[in-house]
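Working notes for the structure below.
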Amino acid sequence: MPRPRKRLAGAAKPDKKGPAGKRTKTKNPGEASTKVKNSSPQTSTSKNCGKNLSKYWLMKSEPESRLEKGVDVKFSIEDLKAQPKQITGWDGVRNYQARNFLRAMKLEEKAFFYHSNCKEPGIAGLVKIVKEAYPDHTQFEKSSPYYDPSSKEDNPKWSMVDVQFVRMMKRFIPLAELKTHHQAHKATGGPLKNMALFTHQRLSVQPLTQEEFDFVLSLEEKEPS
């Protein structure tokens, strides 16, 4: 029985491989029944991406109102907390590499919920994967901003996963602070030297190494730099 869902608002802008992941609030007509064809993650995003060993992720969503084809795509971590069982489908991704990362996700893997395209971008909280990749039904909905007439139900191009709220960060970790560490680590060889948030910032779904994930978590306990 399908769960009620509120559509998310992805943050990244399009790149040459197709529109980036953006979410929208639309009614849920039920999950598509077709199977997703297997597709391995592309290997060009960063040094850690090609190994297909990532168990940690960063997923972008827009916390401020913005209309996409007449639909408000706003969806913050507070909106996720308000969902039934604090679960939603992460739909609307329209970038092939981001889609492949969705398809690589496994149950219980953790992801940072990142607020993007807003006054103060940054990491707001933690979510976990509670359903692995399945066809994104919005690709077949003509009323959806993310309708894709080239996608067929017997061979869907786009996938989604279900995520569940885990917790808020102990403090909001702003993009500016992460960028300061990234720039310093490029010189020193620190954990964030190759972080995809800066090397491939257009992607709305990004892998993290355990080293990157652990370092960002450690920032919760520190005063802002």
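By order of appearance in the structure tokens: chains A, B, ..., then residues from 1 within every chain, and ligands from 1 in the order shown.
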Selection: 9 Å around Leu126 (chain A), only C-alpha atoms, excl. self and same-chain fewer than 3 positions, as a ChimeraX atom specification | /A:77,110-114,123,164-169
Generate a file of the selected residues that holds all heavy atoms, formatted as a CSV table (one decimal), in the first residue's frame.
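Just written: again_37.csv:
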chain,number,residue,atom,x,y,z
A,77,ILE,N,14.2,19.8,5.7
A,77,ILE,CA,14.3,18.7,6.6
A,77,ILE,C,13.1,18.7,7.6
A,77,ILE,O,12.6,17.7,8.0
A,77,ILE,CB,15.6,18.6,7.3
A,77,ILE,CG1,15.8,17.3,7.9
A,77,ILE,CG2,15.8,19.8,8.3
A,77,ILE,CD1,17.3,17.0,8.4
A,110,LYS,N,23.5,6.0,5.3
A,110,LYS,CA,23.2,7.3,5.8
A,110,LYS,C,23.5,8.3,4.8
A,110,LYS,O,24.4,8.2,4.0
A,110,LYS,CB,24.1,7.5,7.1
A,110,LYS,CG,23.8,6.6,8.3
A,110,LYS,CD,22.4,6.8,8.9
A,110,LYS,CE,22.1,5.8,10.0
A,110,LYS,NZ,23.1,5.8,11.0
A,111,ALA,N,22.8,9.4,4.9
A,111,ALA,CA,23.0,10.6,4.0
A,111,ALA,C,22.8,11.9,4.8
A,111,ALA,O,22.0,12.0,5.6
A,111,ALA,CB,22.1,10.5,2.8
A,112,PHE,N,23.6,12.9,4.4
A,112,PHE,CA,23.4,14.2,4.9
A,112,PHE,C,22.3,14.8,4.1
A,112,PHE,O,22.2,14.8,2.9
A,112,PHE,CB,24.6,15.1,4.8
A,112,PHE,CG,25.7,14.7,5.8
A,112,PHE,CD1,27.0,14.4,5.4
A,112,PHE,CD2,25.5,14.7,7.2
A,112,PHE,CE1,28.0,14.1,6.2
A,112,PHE,CE2,26.5,14.4,8.1
A,112,PHE,CZ,27.8,14.1,7.6
A,113,PHE,N,21.3,15.5,4.8
A,113,PHE,CA,20.3,16.3,4.2
A,113,PHE,C,20.8,17.7,4.1
A,113,PHE,O,21.0,18.4,5.1
A,113,PHE,CB,19.0,16.2,5.0
A,113,PHE,CG,17.8,16.7,4.3
A,113,PHE,CD1,16.7,15.9,4.0
A,113,PHE,CD2,17.6,18.1,4.0
A,113,PHE,CE1,15.6,16.3,3.4
A,113,PHE,CE2,16.5,18.5,3.4
A,113,PHE,CZ,15.5,17.7,3.1
A,114,TYR,N,21.0,18.1,2.8
A,114,TYR,CA,21.7,19.4,2.5
A,114,TYR,C,20.7,20.4,2.0
A,114,TYR,O,20.0,20.1,1.0
A,114,TYR,CB,22.8,19.1,1.5
A,114,TYR,CG,23.6,20.4,1.1
A,114,TYR,CD1,24.8,20.7,1.8
A,114,TYR,CD2,23.2,21.2,0.1
A,114,TYR,CE1,25.5,21.8,1.4
A,114,TYR,CE2,24.0,22.3,-0.3
A,114,TYR,CZ,25.1,22.6,0.4
A,114,TYR,OH,25.9,23.7,0.1
A,123,ILE,N,24.5,21.7,5.6
A,123,ILE,CA,24.0,20.4,6.1
A,123,ILE,C,23.1,20.6,7.3
A,123,ILE,O,23.5,21.1,8.3
A,123,ILE,CB,25.2,19.5,6.4
A,123,ILE,CG1,25.9,19.2,5.1
A,123,ILE,CG2,24.7,18.2,7.0
A,123,ILE,CD1,27.2,18.4,5.3
A,164,GLN,N,14.4,8.2,5.3
A,164,GLN,CA,13.7,8.5,6.6
A,164,GLN,C,14.6,9.4,7.4
A,164,GLN,O,15.8,9.3,7.4
A,164,GLN,CB,13.5,7.2,7.3
A,164,GLN,CG,12.7,7.3,8.6
A,164,GLN,CD,12.4,6.0,9.3
A,164,GLN,OE1,13.1,5.0,9.2
A,164,GLN,NE2,11.2,5.9,9.9
A,165,PHE,N,13.9,10.3,8.1
A,165,PHE,CA,14.6,11.2,9.0
A,165,PHE,C,15.3,10.5,10.1
A,165,PHE,O,14.7,9.6,10.7
A,165,PHE,CB,13.6,12.2,9.6
A,165,PHE,CG,14.1,13.1,10.6
A,165,PHE,CD1,14.8,14.3,10.2
A,165,PHE,CD2,13.9,12.9,12.0
A,165,PHE,CE1,15.3,15.1,11.2
A,165,PHE,CE2,14.4,13.7,12.9
A,165,PHE,CZ,15.1,14.9,12.6
A,166,VAL,N,16.5,10.8,10.4
A,166,VAL,CA,17.3,10.2,11.5
A,166,VAL,C,17.4,11.2,12.6
A,166,VAL,O,16.9,11.0,13.7
A,166,VAL,CB,18.7,9.7,11.1
A,166,VAL,CG1,19.5,9.3,12.3
A,166,VAL,CG2,18.5,8.6,10.1
A,167,ARG,N,18.0,12.4,12.3
A,167,ARG,CA,18.1,13.4,13.3
A,167,ARG,C,18.6,14.7,12.7
A,167,ARG,O,19.1,14.7,11.6
A,167,ARG,CB,19.1,13.0,14.5
A,167,ARG,CG,20.5,12.9,14.0
A,167,ARG,CD,21.4,12.7,15.2
A,167,ARG,NE,22.8,12.5,14.9
A,167,ARG,CZ,23.7,13.5,14.7
A,167,ARG,NH1,23.3,14.7,14.8
A,167,ARG,NH2,25.0,13.2,14.4
A,168,MET,N,18.4,15.8,13.4
A,168,MET,CA,18.9,17.1,13.0
A,168,MET,C,20.4,17.1,13.4
A,168,MET,O,20.8,16.4,14.3
A,168,MET,CB,18.2,18.3,13.7
A,168,MET,CG,16.8,18.3,13.5
A,168,MET,SD,16.3,18.8,11.8
A,168,MET,CE,16.9,20.5,11.7
A,169,MET,N,21.2,17.8,12.7
A,169,MET,CA,22.6,18.0,13.1
A,169,MET,C,22.6,18.8,14.4
A,169,MET,O,21.6,19.6,14.7
A,169,MET,CB,23.4,18.9,12.1
A,169,MET,CG,23.4,18.2,10.7
A,169,MET,SD,24.4,16.7,10.7
A,169,MET,CE,26.1,17.3,10.8
Exercise: Ser218 (chain A) partners within 12 Å, only C-alpha atoms, chain neighbours under 6 positions left out, as a list of chain:residue names |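 The contact residues come out as A:Met169, A:Lys170, A:Arg171, A:Ile173, A:Leu178, A:Pro191, A:Glu211, A:Glu212, A:Pro224.
Closest approach to Ser159 (chain A) among A:Lys193, A:His137, A:Arg66, A:His200: A:His137, based on only C-alpha atoms.
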Among listed residues A:Val71, A:Asp136, A:Tyr56, A:Ser116, nearest Asp91 (chain A) (using only C-alpha atoms) = A:Asp136
Do you have the CA of Pro174 (chain A)-CA of Lys131 (chain A) distance handy?
->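 One can read the CA of Pro174 (chain A) to CA of Lys131 (chain A) distance as 28.4 Å.
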